[in-house]
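Shown here: start.csv, CSV, C-alpha atoms.
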chain,number,residue,atom,x,y,z
A,6,MET,CA,2.4,-9.7,5.4
A,7,ILE,CA,5.2,-7.1,5.5
A,8,ARG,CA,5.7,-6.3,9.2
A,9,PRO,CA,5.4,-2.6,9.9
A,10,ALA,CA,8.3,-0.6,11.2
A,11,LEU,CA,8.5,0.0,15.0
A,12,PRO,CA,8.4,2.0,17.1
A,13,ILE,CA,7.0,5.1,15.2
A,14,LEU,CA,3.9,5.7,17.5
A,15,PHE,CA,2.4,8.4,15.3
A,16,ALA,CA,5.6,10.4,15.3
A,17,LEU,CA,7.4,10.7,12.0
A,18,LEU,CA,11.1,11.1,11.7
A,19,ALA,CA,12.6,14.5,11.8
A,20,THR,CA,14.4,14.0,8.5
A,21,PRO,CA,13.2,12.5,5.2
A,22,ALA,CA,14.6,9.0,4.3
A,23,ARG,CA,14.1,6.3,1.7
A,24,ALA,CA,11.8,3.3,1.0
A,25,VAL,CA,11.5,0.2,-1.2
A,26,VAL,CA,14.7,-1.9,-1.1
A,27,GLY,CA,16.7,-1.8,-4.3
A,28,GLY,CA,14.5,0.9,-5.7
A,29,SER,CA,15.0,4.6,-6.4
A,30,GLU,CA,13.6,7.7,-4.8
A,31,ALA,CA,10.6,9.0,-6.7
A,32,PRO,CA,8.9,11.7,-4.5
A,33,ASP,CA,7.7,13.6,-7.6
A,34,ALA,CA,6.4,10.6,-9.5
A,35,ALA,CA,2.7,10.3,-10.4
A,36,LEU,CA,2.4,7.3,-8.0
A,37,ALA,CA,3.7,9.5,-5.2
A,38,ARG,CA,1.0,12.1,-5.8
A,39,SER,CA,-1.5,9.3,-5.3
A,40,SER,CA,0.1,7.8,-2.2
A,41,VAL,CA,0.1,8.6,1.6
A,42,MET,CA,1.3,6.9,4.7
A,43,VAL,CA,-1.0,5.0,7.1
A,44,LEU,CA,0.2,4.9,10.8
A,45,SER,CA,-1.1,3.0,13.7
A,46,SER,CA,-1.1,3.8,17.5
A,47,ARG,CA,0.9,0.5,17.9
A,48,GLY,CA,3.8,1.9,15.8
A,49,GLY,CA,2.8,0.4,12.5
A,50,VAL,CA,3.8,2.1,9.2
A,51,CYS,CA,2.1,1.3,5.9
A,52,THR,CA,1.5,3.0,2.6
A,53,GLY,CA,-2.0,3.9,1.2
A,54,ILE,CA,-3.4,4.7,-2.2
A,55,VAL,CA,-5.5,7.8,-2.7
A,56,LEU,CA,-8.8,7.0,-4.4
A,57,ALA,CA,-10.5,10.3,-3.6
A,58,ARG,CA,-9.7,13.4,-1.5
A,59,ASP,CA,-11.1,11.5,1.5
A,60,VAL,CA,-10.7,7.9,0.6
A,61,VAL,CA,-7.5,5.7,0.8
A,62,LEU,CA,-7.1,2.1,-0.2
A,63,THR,CA,-4.5,0.1,1.8
A,64,ALA,CA,-3.8,-3.5,3.1
A,65,ALA,CA,-6.3,-4.8,5.6
A,66,HIS,CA,-3.5,-5.8,8.0
A,67,CYS,CA,-2.6,-2.1,8.1
A,68,ALA,CA,-6.0,-1.1,9.3
A,69,ALA,CA,-7.2,-3.7,11.7
A,70,PRO,CA,-10.0,-2.7,14.0
A,71,GLY,CA,-9.2,-2.1,17.6
A,72,VAL,CA,-6.2,0.1,16.8
A,73,GLU,CA,-6.2,3.8,16.2
A,74,HIS,CA,-5.0,4.8,12.7
A,75,ARG,CA,-4.1,8.1,11.0
A,76,VAL,CA,-3.4,9.0,7.4
A,77,HIS,CA,-0.2,10.9,7.2
A,78,TYR,CA,1.4,13.2,4.7
A,79,ARG,CA,3.7,16.3,4.8
A,80,ASP,CA,2.4,19.7,3.9
A,81,GLU,CA,4.1,22.0,1.4
A,82,ALA,CA,6.4,23.3,4.1
A,83,GLY,CA,7.4,19.8,5.1
A,84,ALA,CA,5.5,19.6,8.3
A,85,PRO,CA,3.8,16.3,9.2
A,86,VAL,CA,0.0,16.2,9.0
A,87,MET,CA,-2.2,13.5,10.6
A,88,LEU,CA,-5.8,12.9,9.5
A,89,GLY,CA,-8.2,10.9,11.7
A,90,LEU,CA,-10.6,8.4,10.3
A,91,ALA,CA,-14.3,8.9,9.8
A,92,ALA,CA,-14.8,5.3,8.7
A,93,ARG,CA,-13.0,2.1,7.7
A,94,ALA,CA,-14.1,-1.0,5.7
A,95,VAL,CA,-12.0,-4.2,5.9
A,96,HIS,CA,-12.7,-6.6,3.0
A,97,PRO,CA,-14.9,-9.4,4.3
A,98,GLY,CA,-12.6,-12.0,2.8
A,99,TYR,CA,-9.6,-10.8,4.9
A,100,ASP,CA,-8.1,-13.5,7.2
A,101,ALA,CA,-5.5,-12.3,9.6
A,102,GLY,CA,-4.1,-15.8,10.1
A,103,ALA,CA,-4.0,-16.7,6.4
A,104,ILE,CA,-0.3,-16.7,6.0
A,105,ALA,CA,0.4,-19.0,9.0
A,106,GLY,CA,-2.5,-21.2,8.0
A,107,ARG,CA,-1.8,-21.1,4.3
A,108,ARG,CA,-5.4,-19.9,3.6
A,109,ARG,CA,-6.8,-17.5,1.1
A,110,SER,CA,-7.2,-13.9,2.2
A,111,ILE,CA,-8.2,-10.7,0.5
A,112,ASP,CA,-5.9,-8.3,2.4
A,113,LEU,CA,-7.6,-5.0,1.5
A,114,ALA,CA,-9.1,-2.1,3.4
A,115,LEU,CA,-10.6,1.2,2.6
A,116,LEU,CA,-10.2,4.3,4.9
A,117,ARG,CA,-12.3,7.4,4.9
A,118,THR,CA,-10.6,10.5,6.4
A,119,GLU,CA,-12.3,13.0,8.7
A,120,THR,CA,-11.0,15.9,6.6
A,121,PRO,CA,-10.0,15.8,2.9
A,122,LEU,CA,-6.5,15.6,1.6
A,123,PRO,CA,-5.1,18.8,-0.1
A,124,ALA,CA,-5.7,19.3,-3.9
A,125,ARG,CA,-2.1,18.3,-4.8
A,126,PHE,CA,-3.1,14.7,-4.2
A,127,VAL,CA,-4.3,13.0,-7.4
A,128,PRO,CA,-6.7,10.1,-7.0
A,129,ALA,CA,-5.3,7.0,-8.6
A,130,ALA,CA,-7.0,5.1,-11.4
A,131,LEU,CA,-7.6,1.4,-10.8
A,132,SER,CA,-7.4,-1.3,-13.5
A,133,GLU,CA,-8.9,-4.7,-13.9
A,134,ALA,CA,-7.1,-5.5,-17.1
A,135,PRO,CA,-5.4,-8.9,-17.0
A,136,VAL,CA,-1.6,-8.7,-16.7
A,137,PRO,CA,0.4,-11.6,-18.3
A,138,ALA,CA,3.6,-13.0,-16.8
A,139,GLY,CA,6.7,-11.0,-17.8
A,140,THR,CA,4.9,-7.6,-17.7
A,141,ALA,CA,6.9,-4.9,-16.0
A,142,LEU,CA,5.0,-3.4,-13.1
A,143,THR,CA,6.1,-0.5,-10.8
A,144,LEU,CA,5.8,-1.0,-7.1
A,145,GLY,CA,5.9,2.1,-4.8
A,146,GLY,CA,5.9,2.7,-1.1
A,147,TYR,CA,7.1,4.7,1.9
A,148,GLY,CA,8.7,1.7,3.7
A,149,VAL,CA,12.3,1.1,4.7
A,150,ALA,CA,15.2,1.3,2.2
A,151,ARG,CA,17.3,-0.9,4.4
A,152,PRO,CA,15.7,-3.9,6.1
A,153,GLY,CA,15.6,-3.3,9.9
A,154,ASP,CA,16.5,0.4,9.6
A,155,HIS,CA,13.2,2.0,10.7
A,156,ARG,CA,14.7,5.4,10.2
A,157,SER,CA,14.9,4.8,6.5
A,158,THR,CA,11.1,5.2,6.1
A,159,GLY,CA,9.4,8.3,4.9
A,160,THR,CA,10.4,9.0,1.3
A,161,PHE,CA,8.4,7.5,-1.6
A,162,ARG,CA,10.5,5.1,-3.7
A,163,THR,CA,9.7,2.8,-6.6
A,164,ALA,CA,11.0,-0.4,-8.2
A,165,THR,CA,10.0,-1.7,-11.6
A,166,LEU,CA,9.8,-5.5,-11.6
A,167,PRO,CA,8.4,-8.2,-13.9
A,168,LEU,CA,5.2,-10.1,-13.0
A,169,VAL,CA,6.1,-13.8,-12.3
A,170,GLU,CA,3.9,-16.8,-11.7
A,171,PRO,CA,5.6,-19.0,-9.1
A,172,TYR,CA,2.4,-20.9,-8.5
A,173,GLY,CA,0.7,-20.4,-11.8
A,174,PRO,CA,-1.6,-17.6,-12.8
A,175,SER,CA,-3.8,-16.3,-10.0
A,176,ARG,CA,-7.2,-14.7,-10.1
A,177,ILE,CA,-6.5,-13.0,-6.7
A,178,LEU,CA,-2.7,-12.3,-6.4
A,179,ALA,CA,0.2,-10.8,-8.3
A,180,TRP,CA,3.8,-11.7,-7.7
A,181,LEU,CA,6.8,-9.6,-8.7
A,182,LYS,CA,10.5,-10.6,-8.8
A,183,GLY,CA,13.4,-9.2,-10.6
A,184,PRO,CA,16.9,-10.6,-11.2
A,185,ALA,CA,18.4,-8.5,-8.4
A,186,ALA,CA,17.3,-8.1,-4.8
A,187,SER,CA,14.6,-5.5,-5.0
A,188,GLY,CA,11.0,-5.0,-4.0
A,189,ALA,CA,8.7,-4.3,-1.1
A,190,CYS,CA,9.8,-4.3,2.5
A,191,GLU,CA,8.6,-3.1,5.9
A,192,GLY,CA,6.2,-0.2,5.5
A,193,ASP,CA,5.4,-0.8,1.9
A,194,SER,CA,2.2,-2.8,2.6
A,195,GLY,CA,-0.8,-1.0,1.1
A,196,GLY,CA,1.2,0.6,-1.6
A,197,PRO,CA,0.5,0.7,-5.3
A,198,ILE,CA,1.6,-1.8,-8.0
A,199,ALA,CA,0.9,-0.1,-11.3
A,200,GLY,CA,1.2,-0.8,-15.0
A,201,SER,CA,3.0,1.3,-17.6
A,202,ALA,CA,0.0,3.6,-18.0
A,203,GLY,CA,0.1,4.4,-14.3
A,204,SER,CA,-3.2,2.6,-13.3
A,205,VAL,CA,-3.0,0.6,-10.1
A,206,VAL,CA,-3.5,-3.2,-10.8
A,207,ALA,CA,-2.7,-4.5,-7.3
A,208,VAL,CA,-2.0,-3.5,-3.7
A,209,THR,CA,1.2,-4.7,-2.0
A,210,THR,CA,0.6,-7.0,0.9
A,211,TRP,CA,3.6,-9.3,1.5
A,212,ALA,CA,7.3,-9.8,0.6
A,213,SER,CA,9.8,-12.6,1.0
A,214,GLY,CA,13.5,-12.3,1.6
A,215,SER,CA,16.5,-12.6,-0.7
A,216,GLY,CA,19.5,-14.6,0.6
A,217,LYS,CA,20.0,-13.6,4.3
A,218,ALA,CA,18.1,-10.4,3.8
A,219,PRO,CA,14.5,-10.3,5.0
A,220,CYS,CA,13.3,-8.4,1.9
A,221,GLY,CA,14.2,-8.2,-1.8
A,222,GLY,CA,12.8,-11.6,-2.9
A,223,VAL,CA,9.2,-11.9,-4.1
A,224,SER,CA,6.8,-9.0,-3.6
A,225,GLN,CA,3.1,-10.0,-3.5
A,226,GLY,CA,0.0,-7.9,-4.0
A,227,VAL,CA,-3.8,-8.4,-4.1
A,228,LEU,CA,-5.2,-7.7,-7.6
A,229,VAL,CA,-7.9,-4.9,-7.4
A,230,GLY,CA,-9.8,-6.0,-10.5
A,231,PRO,CA,-11.4,-9.1,-8.9
A,232,GLN,CA,-12.4,-6.9,-6.0
A,233,ARG,CA,-14.0,-4.2,-8.1
A,234,ASP,CA,-17.6,-4.8,-6.8
A,235,TRP,CA,-16.5,-4.4,-3.2
A,236,ILE,CA,-14.4,-1.3,-3.9
A,237,ALA,CA,-17.1,0.2,-6.0
A,238,ARG,CA,-19.9,-0.5,-3.5
A,239,THR,CA,-17.9,0.8,-0.5
A,240,THR,CA,-16.6,4.0,-2.2
A,241,ALA,CA,-20.0,4.8,-3.8
A,242,GLY,CA,-21.6,4.4,-0.3
A,243,TRP,CA,-19.2,7.1,0.9
A,244,GLY,CA,-20.1,9.4,-2.0
A,245,ALA,CA,-16.6,9.1,-3.6
A,246,PRO,CA,-16.7,6.3,-6.3
A,247,ALA,CA,-13.3,5.0,-7.3
A,248,ARG,CA,-12.0,5.7,-10.9
A,249,TRP,CA,-11.4,2.7,-13.1
A,250,GLU,CA,-9.5,2.6,-16.5
This entry written out as structure tokens:
Amino acid sequence: MIRPALPILFALLATPARAVVGGSEAPDAALARSSVMVLSSRGGVCTGIVLARDVVLTAAHCAAPGVEHRVHYRDEAGAPVMLGLAARAVHPGYDAGAIAGRRRSIDLALLRTETPLPARFVPAALSEAPVPAGTALTLGGYGVARPGDHRSTGTFRTATLPLVEPYGPSRILAWLKGPAASGACEGDSGGPIAGSAGSVVAVTTWASGSGKAPCGGVSQGVLVGPQRDWIARTTAGWGAPARWE
């Protein structure tokens, strides 16, 4: 789990900042047009992937029941907009204590907003195509650019990193790690991990540190392909089926 930045408490920063340690700003990238922020009433900041004008895919630990959540974006004038939730679906395989207990967990959730996102947001395409080790994937998110600096959230950034297999090939997870300290950090949970064609293959859920830094080591995501049935069933039930390529 990538711990969310605190204390945001539904209030975004007055000035734009950066995200993804060791990455580069990409506010106009295709992935940015398919990404939003997910904020919680407890101060949590996460990233979400737009699947339809009113459906967002994110990490389950970013959308735990019992906490109020909002989908956030900035309008064309740069003013913050908060959308309430009409529904949420946490994957039945999610285990909040999985990391501490070294147990399997499907850390995914789907959110349905009360009102639709504006037309400038482009629903992401999902992919279940297998990804071999060494393949370059692009991770994106709105999290911190500097670990511990919660004021550095708010601008979409990306980092392109190779897929690695520290524990052998997985049917559930994807791991990314480059030669330099780079990758997901606080606030990037729920963000997209995409292939060269732009289709999302995984959702960021966890990151390890590099040296003494708390981030910049291995970035981990849940593969969406093995969860296609759950995603398809949930989004179809909301009248907004996800797009797969």
For this session: Just give me the residues with any atom within 10 Å of (-18.0, 6.4, 0.7), file coordinates, counting only C-alpha atoms, written as a PyMOL selection string.
Result: chain A and resi 57+59-60+92-94+115-117+236-247
For this session: Give me the residues within 6 Å of segment 119-133 of chain A as an MDAnalysis selection string, counting all atoms listed in the file and dropping any in the same chain fewer than 6 places off.
Result: chainID A and resid 38:39 55:59 89:91 204:206 230 248:250
Problem set entry | Distance in Å - atom CA of Val208 of chain A versus atom CA of Ser187 of chain A | 16.8 Å
Problem set entry | Nearest to Leu166 of chain A, chosen from A:Ala31, A:Val95, A:Met87, A:Ala186, with all atoms listed in the file counted in the distances |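 Nearest to Leu166 of chain A: A:Ala186.
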Seminar exercise, completed: Closest of A:Ala37, A:Ala105, A:Leu181, A:Ala64 to Gly139 of chain A, counting all atoms listed in the file, is A:Leu181
Problem set entry | Atom-to-atom span, atom CA of Thr209 of chain A and atom CA of Ala101 of chain A, Å | 15.4 Å
Exercise. Which one of A:Ala84, A:Ala68, A:Pro231, A:Arg79 sits closest to Thr160 of chain A if you count only C-alpha atoms?
Worked result: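 Of A:Ala84, A:Ala68, A:Pro231, A:Arg79, the one nearest Thr160 of chain A is A:Arg79, counting only C-alpha atoms.
Shortest atom-to-atom contact with Ala164 of chain A among A:Gly195, A:Gly83, A:Gly200, A:Pro219: A:Gly200, counting all atoms listed in the file.
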Exercise. Which residue gives the smallest distance to Gly153 of chain A among A:Ala138, A:Ala185, A:Ala218, A:Ala103, with only C-alpha atoms counted?
Worked result: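 The answer is A:Ala218, which sits nearest to Gly153 of chain A.
Take the candidates A:Cys190, A:Gly203, A:Gly53, A:Trp180 and check each one against Val223 of chain A using all atoms listed in the file; the shortest distance goes to A:Trp180.
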For this session: Find the distance between atom CA of Val43 of chain A and atom CA of Ser29 of chain A and write it in Å to one decimal.
Result: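 Between atom CA of Val43 of chain A and atom CA of Ser29 of chain A the gap is 20.9 Å.
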Exercise. If we count all atoms listed in the file, what is near Ala212 of chain A at a cut-off of 6 Å, once residues fewer than 6 positions away on the same chain are taken out, given as JSON, numbers by chain?
Worked result: {"A": [7, 189, 223, 224, 225]}
For this session: Enumerate, as a ChimeraX atom specification, the protein, DNA and RNA residues whose atoms approach (9.1, -4.6, -10.5) to within 7 Å, taking into account only C-alpha atoms and the coordinate frame of the file.
Result: /A:141-144,164-167,181-183,188
Residues from the last selection, C-alpha atoms, saved as a CSV table (one decimal), in the coordinates of the input:
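File produced: again36.csv:
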chain,number,residue,atom,x,y,z
A,141,ALA,CA,6.9,-4.9,-16.0
A,142,LEU,CA,5.0,-3.4,-13.1
A,143,THR,CA,6.1,-0.5,-10.8
A,144,LEU,CA,5.8,-1.0,-7.1
A,164,ALA,CA,11.0,-0.4,-8.2
A,165,THR,CA,10.0,-1.7,-11.6
A,166,LEU,CA,9.8,-5.5,-11.6
A,167,PRO,CA,8.4,-8.2,-13.9
A,181,LEU,CA,6.8,-9.6,-8.7
A,182,LYS,CA,10.5,-10.6,-8.8
A,183,GLY,CA,13.4,-9.2,-10.6
A,188,GLY,CA,11.0,-5.0,-4.0
